[in-house]
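The structure file final_10.cif is reproduced below (mmCIF, C-alpha atoms).
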```cif
data_target
#
loop_
_atom_site.label_atom_id
_atom_site.label_comp_id
_atom_site.auth_asym_id
_atom_site.auth_seq_id
_atom_site.Cartn_x
_atom_site.Cartn_y
_atom_site.Cartn_z
CA MET A 1 0.00 0.00 0.00
CA LYS A 2 1.14 3.54 -0.80
CA ILE A 3 0.13 6.89 0.63
CA ILE A 4 0.32 9.87 -1.75
CA VAL A 5 0.39 13.25 0.02
CA PRO A 6 0.12 16.48 -2.01
CA MET A 7 1.30 19.27 0.30
CA ALA A 8 2.59 21.97 -2.04
CA GLY A 9 0.39 24.84 -0.79
CA LEU A 10 1.55 27.31 1.85
CA GLY A 11 -1.89 28.11 3.26
CA SER A 12 -2.72 31.80 2.91
CA ARG A 13 -5.69 31.48 5.30
CA LEU A 14 -3.30 30.58 8.11
CA ARG A 15 -1.15 33.69 7.79
CA PRO A 16 0.97 34.86 9.48
CA HIS A 17 1.72 31.36 10.77
CA SER A 18 2.23 29.93 7.28
CA LEU A 19 4.47 32.75 6.03
CA THR A 20 7.63 30.89 7.01
CA ILE A 21 6.31 27.40 7.83
CA PRO A 22 4.28 25.41 5.26
CA LYS A 23 0.77 24.81 6.60
CA PRO A 24 1.11 20.98 6.65
CA LEU A 25 4.08 21.35 9.03
CA ILE A 26 2.35 23.59 11.57
CA PRO A 27 2.06 21.57 14.81
CA VAL A 28 -1.37 20.64 16.13
CA ALA A 29 -1.54 18.87 19.48
CA GLY A 30 2.24 18.70 19.51
CA ALA A 31 2.94 17.23 16.04
CA PRO A 32 2.86 18.64 12.48
CA ILE A 33 -0.47 18.24 10.69
CA VAL A 34 0.98 16.01 7.96
CA HIS A 35 2.65 13.73 10.53
CA ARG A 36 -0.61 13.16 12.39
CA LEU A 37 -2.58 12.64 9.18
CA VAL A 38 -0.17 10.09 7.71
CA ARG A 39 0.09 8.15 10.97
CA ASP A 40 -3.69 8.07 11.38
CA ILE A 41 -4.22 6.84 7.81
CA ALA A 42 -1.61 4.12 8.28
CA LYS A 43 -3.45 3.03 11.43
CA ILE A 44 -6.83 2.99 9.66
CA LEU A 45 -5.53 0.92 6.74
CA LYS A 46 -4.54 -1.95 9.03
CA GLN A 47 -2.00 -3.15 6.46
CA PRO A 48 1.67 -2.38 5.77
CA VAL A 49 2.53 0.87 4.03
CA ASP A 50 5.63 0.40 1.85
CA GLU A 51 5.90 3.86 0.29
CA ILE A 52 4.83 7.41 1.14
CA ALA A 53 5.10 9.90 -1.71
CA PHE A 54 5.21 13.56 -0.68
CA ILE A 55 4.52 16.22 -3.32
CA LEU A 56 6.18 19.47 -2.31
CA GLY A 57 6.14 23.03 -3.62
CA ASP A 58 8.61 25.90 -3.54
CA PRO A 59 12.04 24.66 -2.28
CA THR A 60 12.37 27.96 -0.37
CA PHE A 61 9.72 26.67 2.05
CA PHE A 62 9.97 22.92 1.40
CA GLY A 63 13.75 22.60 1.68
CA ASP A 64 16.19 20.00 2.97
CA ALA A 65 15.02 20.27 6.58
CA VAL A 66 11.42 19.53 5.54
CA ILE A 67 12.53 16.60 3.39
CA ALA A 68 14.52 15.17 6.32
CA GLN A 69 11.41 15.37 8.54
CA LEU A 70 9.28 13.59 5.96
CA GLU A 71 11.87 10.87 5.37
CA GLU A 72 12.02 10.27 9.12
CA LEU A 73 8.21 10.09 9.25
CA ALA A 74 8.11 7.47 6.49
CA GLN A 75 10.92 5.48 8.08
CA SER A 76 9.07 5.41 11.41
CA LEU A 77 6.21 3.63 9.60
CA GLY A 78 8.53 1.19 7.86
CA ALA A 79 8.01 2.86 4.50
CA LYS A 80 10.15 4.38 1.78
CA ALA A 81 9.83 8.15 1.29
CA SER A 82 9.57 9.43 -2.28
CA ILE A 83 9.90 13.19 -2.74
CA TYR A 84 8.41 15.03 -5.71
CA ARG A 85 8.00 18.69 -6.69
CA GLN A 86 4.96 20.36 -8.19
CA GLY A 87 6.61 22.99 -10.33
CA ALA A 88 3.54 25.24 -10.57
CA PRO A 89 0.30 25.45 -8.55
CA LEU A 90 -1.94 23.99 -11.26
CA GLY A 91 -4.43 22.08 -9.17
CA THR A 92 -4.99 18.78 -7.38
CA GLY A 93 -4.82 16.61 -10.50
CA HIS A 94 -1.58 18.26 -11.59
CA ALA A 95 -0.10 17.76 -8.10
CA ILE A 96 -0.88 14.04 -8.15
CA MET A 97 0.64 13.63 -11.62
CA SER A 98 3.83 15.23 -10.30
CA ALA A 99 4.31 11.90 -8.48
CA GLU A 100 3.76 9.88 -11.66
CA PRO A 101 6.47 7.24 -10.98
CA SER A 102 4.75 6.28 -7.72
CA LEU A 103 1.25 5.99 -9.19
CA THR A 104 1.01 2.20 -9.32
CA GLY A 105 -0.84 -0.38 -7.26
CA PRO A 106 -3.15 0.27 -4.29
CA ALA A 107 -2.82 3.75 -2.83
CA VAL A 108 -4.44 6.33 -0.60
CA ILE A 109 -4.28 9.98 -1.70
CA ALA A 110 -4.67 12.46 1.15
CA TYR A 111 -4.41 16.26 1.21
CA ALA A 112 -2.53 17.48 4.26
CA ASP A 113 -4.88 20.19 5.53
CA ALA A 114 -7.18 18.25 7.84
CA LEU A 115 -7.13 15.50 10.46
CA ILE A 116 -9.54 12.59 10.83
CA ARG A 117 -10.82 9.91 13.12
CA ALA A 118 -12.29 6.81 11.47
CA ASP A 119 -12.69 3.07 11.90
CA LEU A 120 -13.50 1.36 8.65
CA GLU A 121 -12.70 -1.49 6.32
CA LEU A 122 -11.88 -0.97 2.65
CA ASP A 123 -14.61 -2.50 0.45
CA PRO A 124 -12.87 -5.21 -1.64
CA LYS A 125 -15.49 -4.82 -4.39
CA ALA A 126 -14.77 -1.13 -4.88
CA ASP A 127 -12.32 0.26 -7.40
CA SER A 128 -12.10 3.35 -5.22
CA VAL A 129 -13.27 4.65 -1.85
CA ILE A 130 -13.86 8.35 -1.28
CA TRP A 131 -13.87 9.35 2.37
CA THR A 132 -16.80 11.58 3.30
CA LYS A 133 -18.28 13.27 6.36
CA LYS A 134 -21.93 13.95 7.03
CA VAL A 135 -22.37 17.74 7.22
CA PRO A 136 -25.35 19.96 8.14
CA ASN A 137 -24.73 22.40 5.26
CA PRO A 138 -23.84 20.37 2.15
CA GLU A 139 -24.35 23.38 -0.10
CA ALA A 140 -20.98 24.67 1.16
CA TYR A 141 -19.05 21.56 0.09
CA GLY A 142 -18.37 19.17 -2.73
CA VAL A 143 -20.64 16.17 -2.11
CA VAL A 144 -21.20 12.68 -3.52
CA LYS A 145 -24.36 11.50 -5.27
CA LEU A 146 -25.25 7.86 -4.55
CA ASN A 147 -27.36 5.31 -6.41
CA ASP A 148 -29.61 2.69 -4.79
CA LYS A 149 -26.57 0.40 -4.35
CA GLU A 150 -24.82 3.07 -2.24
CA GLU A 151 -22.30 3.57 -5.03
CA ILE A 152 -20.99 7.02 -5.90
CA VAL A 153 -22.20 8.00 -9.36
CA GLU A 154 -21.44 11.72 -9.37
CA LEU A 155 -19.40 14.41 -7.62
CA VAL A 156 -21.28 17.68 -7.20
CA GLU A 157 -19.55 20.89 -6.12
CA LYS A 158 -21.57 23.12 -3.77
CA PRO A 159 -25.01 21.94 -4.91
CA GLU A 160 -27.77 24.55 -4.96
CA THR A 161 -30.39 21.83 -4.44
CA PHE A 162 -29.99 18.84 -2.11
CA VAL A 163 -27.94 15.96 -3.53
CA SER A 164 -26.62 14.36 -0.34
CA ASP A 165 -25.15 15.42 2.99
CA GLN A 166 -21.90 13.46 2.46
CA ALA A 167 -19.07 15.96 1.91
CA VAL A 168 -15.83 14.93 0.21
CA ILE A 169 -12.96 15.52 2.65
CA GLY A 170 -9.96 15.03 0.35
CA ILE A 171 -8.90 11.46 1.15
CA TYR A 172 -9.24 8.75 -1.52
CA TYR A 173 -8.38 5.05 -1.87
CA PHE A 174 -7.69 3.48 -5.27
CA LYS A 175 -7.37 -0.28 -5.72
CA ASP A 176 -4.99 0.53 -8.58
CA VAL A 177 -3.98 4.19 -8.70
CA ALA A 178 -2.53 3.61 -12.18
CA VAL A 179 -6.11 3.82 -13.49
CA LEU A 180 -6.44 7.32 -12.02
CA LYS A 181 -3.04 8.21 -13.49
CA GLU A 182 -4.25 7.18 -16.95
CA LYS A 183 -7.37 9.33 -16.64
CA LEU A 184 -5.49 12.32 -15.23
CA GLN A 185 -3.09 12.09 -18.15
CA GLU A 186 -6.12 12.37 -20.42
CA VAL A 187 -7.20 15.46 -18.44
CA LEU A 188 -3.77 17.01 -19.02
CA ASP A 189 -3.67 16.02 -22.70
CA GLU A 190 -7.14 17.49 -23.28
CA ASN A 191 -6.20 20.61 -21.30
CA LEU A 192 -9.38 20.06 -19.27
CA MET A 193 -9.23 22.77 -16.60
CA ASN A 194 -11.64 24.04 -13.98
CA GLY A 195 -10.90 27.39 -12.41
CA GLY A 196 -7.61 27.45 -14.28
CA GLU A 197 -6.47 24.18 -12.67
CA TYR A 198 -6.37 20.45 -13.39
CA GLN A 199 -8.56 18.74 -10.81
CA ILE A 200 -8.58 15.20 -9.43
CA ASN A 201 -12.38 15.18 -9.82
CA ASP A 202 -12.10 15.24 -13.60
CA GLY A 203 -9.96 12.11 -13.52
CA ILE A 204 -12.44 10.46 -11.15
CA LYS A 205 -15.36 11.37 -13.40
CA LYS A 206 -13.61 9.68 -16.33
CA MET A 207 -13.24 6.54 -14.19
CA MET A 208 -16.93 6.66 -13.29
CA ALA A 209 -17.83 7.00 -16.97
CA GLU A 210 -16.11 3.65 -17.57
CA GLY A 211 -18.24 2.00 -14.89
CA ARG A 212 -15.64 1.86 -12.14
CA ILE A 213 -17.20 1.24 -8.71
CA PHE A 214 -16.79 4.04 -6.16
CA LYS A 215 -17.93 3.66 -2.56
CA THR A 216 -17.91 5.96 0.45
CA GLY A 217 -15.85 5.60 3.60
CA THR A 218 -17.42 7.75 6.28
CA VAL A 219 -15.20 9.29 8.95
CA THR A 220 -16.47 9.98 12.44
CA GLU A 221 -14.42 13.17 12.78
CA TRP A 222 -13.08 15.53 10.12
CA MET A 223 -11.05 18.33 11.65
CA ASP A 224 -10.01 21.15 9.35
CA CYS A 225 -6.82 23.15 9.86
CA GLY A 226 -7.52 25.77 7.22
CA ASN A 227 -7.49 28.94 9.33
CA LYS A 228 -6.66 30.09 12.84
CA GLU A 229 -10.12 29.54 14.33
CA VAL A 230 -10.62 25.99 13.05
CA ALA A 231 -6.97 25.07 13.76
CA ILE A 232 -7.48 25.97 17.42
CA ASP A 233 -10.71 23.98 17.52
CA THR A 234 -8.97 21.01 15.88
CA ASN A 235 -6.12 21.27 18.38
CA SER A 236 -8.58 21.05 21.30
CA LYS A 237 -10.46 18.11 19.75
CA MET A 238 -7.27 16.22 18.91
CA LEU A 239 -5.91 16.72 22.43
CA GLN A 240 -9.10 15.22 23.85
CA PHE A 241 -8.83 12.21 21.52
CA LEU A 242 -5.18 11.66 22.44
CA HIS A 243 -5.92 12.04 26.14
CA ASP A 244 -8.74 9.48 25.94
CA GLU A 245 -6.74 7.02 23.80
CA LYS A 246 -3.72 7.19 26.15
CA GLU A 247 -1.31 6.22 23.38
CA GLU A 248 0.94 9.30 23.63
CA GLN A 249 2.64 11.08 26.52
CA LEU A 250 1.25 14.58 26.27
CA ILE A 251 3.15 16.28 29.09
CA ALA A 252 6.93 15.90 28.95
CA ASP A 253 8.84 14.76 32.01
CA SER A 254 11.16 17.76 31.62
CA VAL A 255 8.39 20.36 32.16
CA VAL A 256 9.23 22.76 35.01
CA ASN A 257 6.08 23.56 36.98
CA GLU A 258 6.38 26.35 39.54
CA ASN A 259 3.09 27.09 41.29
CA SER A 260 1.06 26.34 38.14
CA THR A 261 -2.11 24.37 37.44
CA ILE A 262 -2.50 22.23 34.31
CA ILE A 263 -6.07 21.41 33.30
CA GLU A 264 -5.99 18.45 30.92
CA PRO A 265 -6.05 17.70 28.10
CA CYS A 266 -2.92 19.64 27.15
CA PHE A 267 0.27 19.01 25.23
CA ILE A 268 3.32 20.51 26.93
CA GLY A 269 6.63 19.92 25.20
CA GLU A 270 10.18 19.32 26.39
CA ASN A 271 11.78 21.89 28.69
CA VAL A 272 8.70 24.11 28.95
CA VAL A 273 8.71 26.33 32.05
CA LEU A 274 5.44 27.34 33.72
CA LYS A 275 5.48 29.90 36.54
CA ASN A 276 2.32 31.05 38.35
CA CYS A 277 0.03 29.93 35.54
CA THR A 278 -3.24 28.17 34.85
CA ILE A 279 -2.89 26.24 31.60
CA GLY A 280 -5.70 24.38 29.83
CA PRO A 281 -7.78 22.76 28.78
CA GLY A 282 -7.04 22.47 25.07
CA VAL A 283 -3.57 24.06 25.13
CA ALA A 284 -0.51 22.88 23.15
CA ILE A 285 2.86 24.40 24.07
CA GLY A 286 6.00 23.74 22.02
CA ALA A 287 9.39 22.83 23.44
CA GLY A 288 11.53 25.46 25.11
CA THR A 289 8.72 27.94 25.78
CA THR A 290 8.44 29.80 29.09
CA ILE A 291 5.10 31.13 30.34
CA GLU A 292 4.75 33.27 33.45
CA ASP A 293 1.82 34.82 35.34
CA SER A 294 -0.70 33.77 32.70
CA THR A 295 -4.06 32.05 32.27
CA ILE A 296 -4.40 30.29 28.91
CA SER A 297 -6.97 27.87 27.47
CA HIS A 298 -7.79 26.47 24.00
CA SER A 299 -4.61 27.85 22.43
CA LEU A 300 -1.64 26.85 20.28
CA ILE A 301 1.81 28.12 21.26
CA GLN A 302 4.87 26.97 19.32
CA LYS A 303 8.53 26.61 20.33
CA ASP A 304 11.01 28.82 22.15
CA SER A 305 8.65 31.66 23.06
CA LEU A 306 8.49 33.83 26.19
CA ILE A 307 4.95 34.68 27.31
CA LYS A 308 4.18 36.85 30.33
CA ASN A 309 0.93 38.25 31.73
CA ALA A 310 -1.23 36.63 29.05
CA HIS A 311 -4.94 35.99 29.51
CA TRP A 312 -5.97 34.07 26.42
CA THR A 313 -8.86 31.80 25.51
CA GLU A 314 -8.21 31.26 21.77
CA ALA A 315 -4.68 32.25 20.84
CA MET A 316 -2.36 30.95 18.12
CA ILE A 317 1.26 31.94 18.70
CA GLY A 318 4.27 31.14 16.52
CA ASN A 319 7.90 30.32 17.30
CA LYS A 320 10.34 32.58 19.18
CA VAL A 321 7.60 35.04 20.17
CA GLN A 322 8.07 37.49 23.03
CA TYR A 323 4.84 38.71 24.59
CA ASN A 324 4.15 40.67 27.74
CA GLY A 325 0.58 41.68 28.54
CA GLU A 326 1.95 44.73 30.34
CA HIS A 327 3.70 45.98 27.21
CA THR A 328 4.25 49.69 26.68
CA ARG A 329 6.42 49.35 23.55
CA VAL A 330 5.07 47.28 20.68
CA SER A 331 6.48 46.09 17.34
CA LEU A 332 3.97 44.12 15.20
CA GLY A 333 4.65 42.75 11.72
CA ASP A 334 2.51 41.96 8.67
CA TYR A 335 -0.77 40.05 9.19
CA THR A 336 -0.68 40.53 12.99
CA VAL A 337 -4.09 40.31 14.65
CA MET A 338 -4.85 41.34 18.23
CA LYS A 339 -8.40 41.15 19.59
#
```
Written form, structure tokens:
Amino acid sequence: MKIIVPMAGLGSRLRPHSLTIPKPLIPVAGAPIVHRLVRDIAKILKQPVDEIAFILGDPTFFGDAVIAQLEELAQSLGAKASIYRQGAPLGTGHAIMSAEPSLTGPAVIAYADALIRADLELDPKADSVIWTKKVPNPEAYGVVKLNDKEEIVELVEKPETFVSDQAVIGIYYFKDVAVLKEKLQEVLDENLMNGGEYQINDGIKKMMAEGRIFKTGTVTEWMDCGNKEVAIDTNSKMLQFLHDEKEEQLIADSVVNENSTIIEPCFIGENVVLKNCTIGPGVAIGAGTTIEDSTISHSLIQKDSLIKNAHWTEAMIGNKVQYNGEHTRVSLGDYTVMK
């Protein structure tokens, strides 16, 4: 089994956090989004993963350090890492075709901008499975249309009239991804573009036109990381899942706690120092950060920051930040938001 991960985008909706760090590498609940997604998919598949193909963008942001992280991730799962570049941002179908040498055999394709929780078996009769989530407002999403056999017969983008409430979340299984590759090559050859981009949906529609069987795989949780608000919500949800599952140590042994209260679930990284604080619930703090005289809940704070006199309920703070709630001199850069 292979996992194909397009992650070329930087994520403009997550600025300023994605100005220097690609969105898939922003930590949520103590680990980069792409790391959590790939590990969760590998767990769901319940079968060995022998290759993980990562499709990267601009080398300025996706450089050697990023590649080393991804290779280590693949190795930890017993898989080979294959690294590809999408030379231009020409859509989901174009991104997948950038990994053309790896498009053989059974594969899962997953976009690294959301996290999931699911427990399912792959339907052996299906040529493909498209993961979906039941949503209350399907008109805001791309949804699947099903026939009376519960097979997907059409993909409909933001339907004006009700088609179904099963939204496509951007994770797909193909029994033989070479079939998708063949159809996406036709999309490229025909210069079939939507919104100026080559889309995976057009390759899927060509497969459906040949009578290929598509089924749904419904996830129990689909947690977006697209902007600051939903990333914080996802962080809180993921921390609760991890706390309940008890498979990860969320609070490092090296944490220095001086007169502070931790309300779980929280992730607190190596060598974090807490002085006179109340932290949690739903807080993730990166390694090497010091927080003093603060009350913080439902927030994301990255590495090596110094936070004093903060009273936050929904904050997202980057790396190497210095903040003092009693500030009298302030220097704020582009895209800064204070509420």
| task | Please evaluate the PyMOL selection byres ((chain A and resi 320) around 12) against the structure above and give the resulting residues as a list in words. | result | Gly286, Ala287, Gly288, Thr289, Thr290, Ile301, Gln302, Lys303, Asp304, Ser305, Leu306, Ile307, Ile317, Gly318, Asn319, Val321, Gln322 and Tyr323 of chain A
Any chance you could export the current selection's C-alpha atoms as a short mmCIF file (atom, residue, chain, number, x, y, z; two decimals), in the coordinates of the input?
```
data_model
loop_
_atom_site.label_atom_id
_atom_site.label_comp_id
_atom_site.auth_asym_id
_atom_site.auth_seq_id
_atom_site.Cartn_x
_atom_site.Cartn_y
_atom_site.Cartn_z
CA GLY A 286 6.00 23.74 22.02
CA ALA A 287 9.39 22.83 23.44
CA GLY A 288 11.53 25.46 25.11
CA THR A 289 8.72 27.94 25.78
CA THR A 290 8.44 29.80 29.09
CA ILE A 301 1.81 28.12 21.26
CA GLN A 302 4.87 26.97 19.32
CA LYS A 303 8.53 26.61 20.33
CA ASP A 304 11.01 28.82 22.15
CA SER A 305 8.65 31.66 23.06
CA LEU A 306 8.49 33.83 26.19
CA ILE A 307 4.95 34.68 27.31
CA ILE A 317 1.26 31.94 18.70
CA GLY A 318 4.27 31.14 16.52
CA ASN A 319 7.90 30.32 17.30
CA VAL A 321 7.60 35.04 20.17
CA GLN A 322 8.07 37.49 23.03
CA TYR A 323 4.84 38.71 24.59
#
```
| task | For Val5 of chain A, please output as a ChimeraX atom specification all residues within 7 Å (counting all atoms listed in the file; exclusion window: fewer than 6 positions along the same chain). | result | /A:53-55,109-112
Selection file, C-alpha atoms, as a tab-separated table (two decimals), keeping the file's coordinate frame:
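Just written: again.tsv:
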```tsv
chain	number	residue	atom	x	y	z
A	53	ALA	CA	5.10	9.90	-1.71
A	54	PHE	CA	5.21	13.56	-0.68
A	55	ILE	CA	4.52	16.22	-3.32
A	109	ILE	CA	-4.28	9.98	-1.70
A	110	ALA	CA	-4.67	12.46	1.15
A	111	TYR	CA	-4.41	16.26	1.21
A	112	ALA	CA	-2.53	17.48	4.26
```
| query | Looking at A:Ala65, A:Val28, A:Leu56, A:Leu37, which one is nearest to Met7 of chain A, with distances taken over all atoms listed in the file? | reply |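 So, comparing all the options, the nearest one is A:Leu56.
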| Selected residue of minimal separation from Ser128 of chain A among A:Phe214, A:Leu188, A:His94, A:Ile44, counting only C-alpha atoms |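 The answer is A:Phe214, which sits nearest to Ser128 of chain A.
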| So which residues get picked by the PyMOL selection byres ((chain A and resi 261) around 8) here, written as a VMD selection string? | chain A and resid 259 to 260 262 to 263 277 to 279
| query | What is the distance between atom CA of Gly203 of chain A and atom CA of Thr92 of chain A, in Å to one decimal? | reply |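 Spanning atom CA of Gly203 of chain A to atom CA of Thr92 of chain A is a straight-line distance of 10.3 Å.
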| message | To one decimal place in Å, what is the distance between atom CA of Leu155 of chain A and atom CA of Val177 of chain A? | response |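 Interatomic distance, atom CA of Leu155 of chain A to atom CA of Val177 of chain A: 18.5 Å.
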| field | Of the listed residues A:Tyr173, A:Trp222, A:Phe61, A:Tyr84, that which approaches Met1 of chain A most closely, counting all atoms listed in the file | value |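 Checking each candidate against Met1 of chain A, we get A:Tyr173 as the closest.
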| said: Can you spell out as an NGL selection string the set of residues that the PyMOL selection byres ((chain A and resi 197) around 10) selects in the structure I just provided? | reply: :A and (89-94 or 188 or 191-196 or 198-200)
Just need the box for segment 95-99 of chain A, edges along x, y and z, holding every atom the file lists for it with 5 Å tacked onto each side, so centre and edge lengths in Å to one decimal, as lines of an AutoDock Vina configuration file.
```
center_x = 1.7
center_y = 14.8
center_z = -9.9
size_x = 15.2
size_y = 15.9
size_z = 13.5
```
Set out as a Markdown table a contact list for segment 18-102 of chain A and segment 292-300 of chain A with a cut-off of 12 Å, giving each residue of segment 18-102 of chain A that qualifies its closest atom pair and distance in Å to one decimal, counting only C-alpha atoms, ordered by chain and rising residue number.
```
| residue | atom | partner | partner_atom | distance |
| --- | --- | --- | --- | --- |
| A:Ile26 | CA | A:Leu300 | CA | 10.1 |
| A:Pro27 | CA | A:Leu300 | CA | 8.5 |
| A:Val28 | CA | A:Leu300 | CA | 7.5 |
| A:Ala29 | CA | A:Leu300 | CA | 8.0 |
| A:Gly30 | CA | A:Leu300 | CA | 9.1 |
| A:Ala31 | CA | A:Leu300 | CA | 11.5 |
```
| task | Name the closest residue to Gln240 of chain A among the candidates A:Leu274, A:Ala284, A:Ile213, A:Glu72; distances are taken between atoms, counting all atoms listed in the file. | result |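 Ranking A:Leu274, A:Ala284, A:Ile213, A:Glu72 by distance to Gln240 of chain A, first place goes to A:Ala284.
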| message | Using all atoms listed in the file, which protein or nucleic acid residues come within 8 Å of Ile204 of chain A? Drop anything in the same chain fewer than 3 positions from it, and give the result as a VMD selection string. | response | chain A and resid 180 183 200 to 201 207 to 208
| task | Determine the nearest neighbour of Met316 of chain A from the options A:Ala88, A:Val34, A:Val273, A:Ile232, counting all atoms listed in the file. | result |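 Comparing A:Ala88, A:Val34, A:Val273, A:Ile232 against Met316 of chain A, the winner is A:Ile232.
With distances taken over all atoms listed in the file, A:Pro6 is the one residue among A:Thr132, A:Glu157, A:Arg212, A:Pro6 lying closest to Gln86 of chain A.
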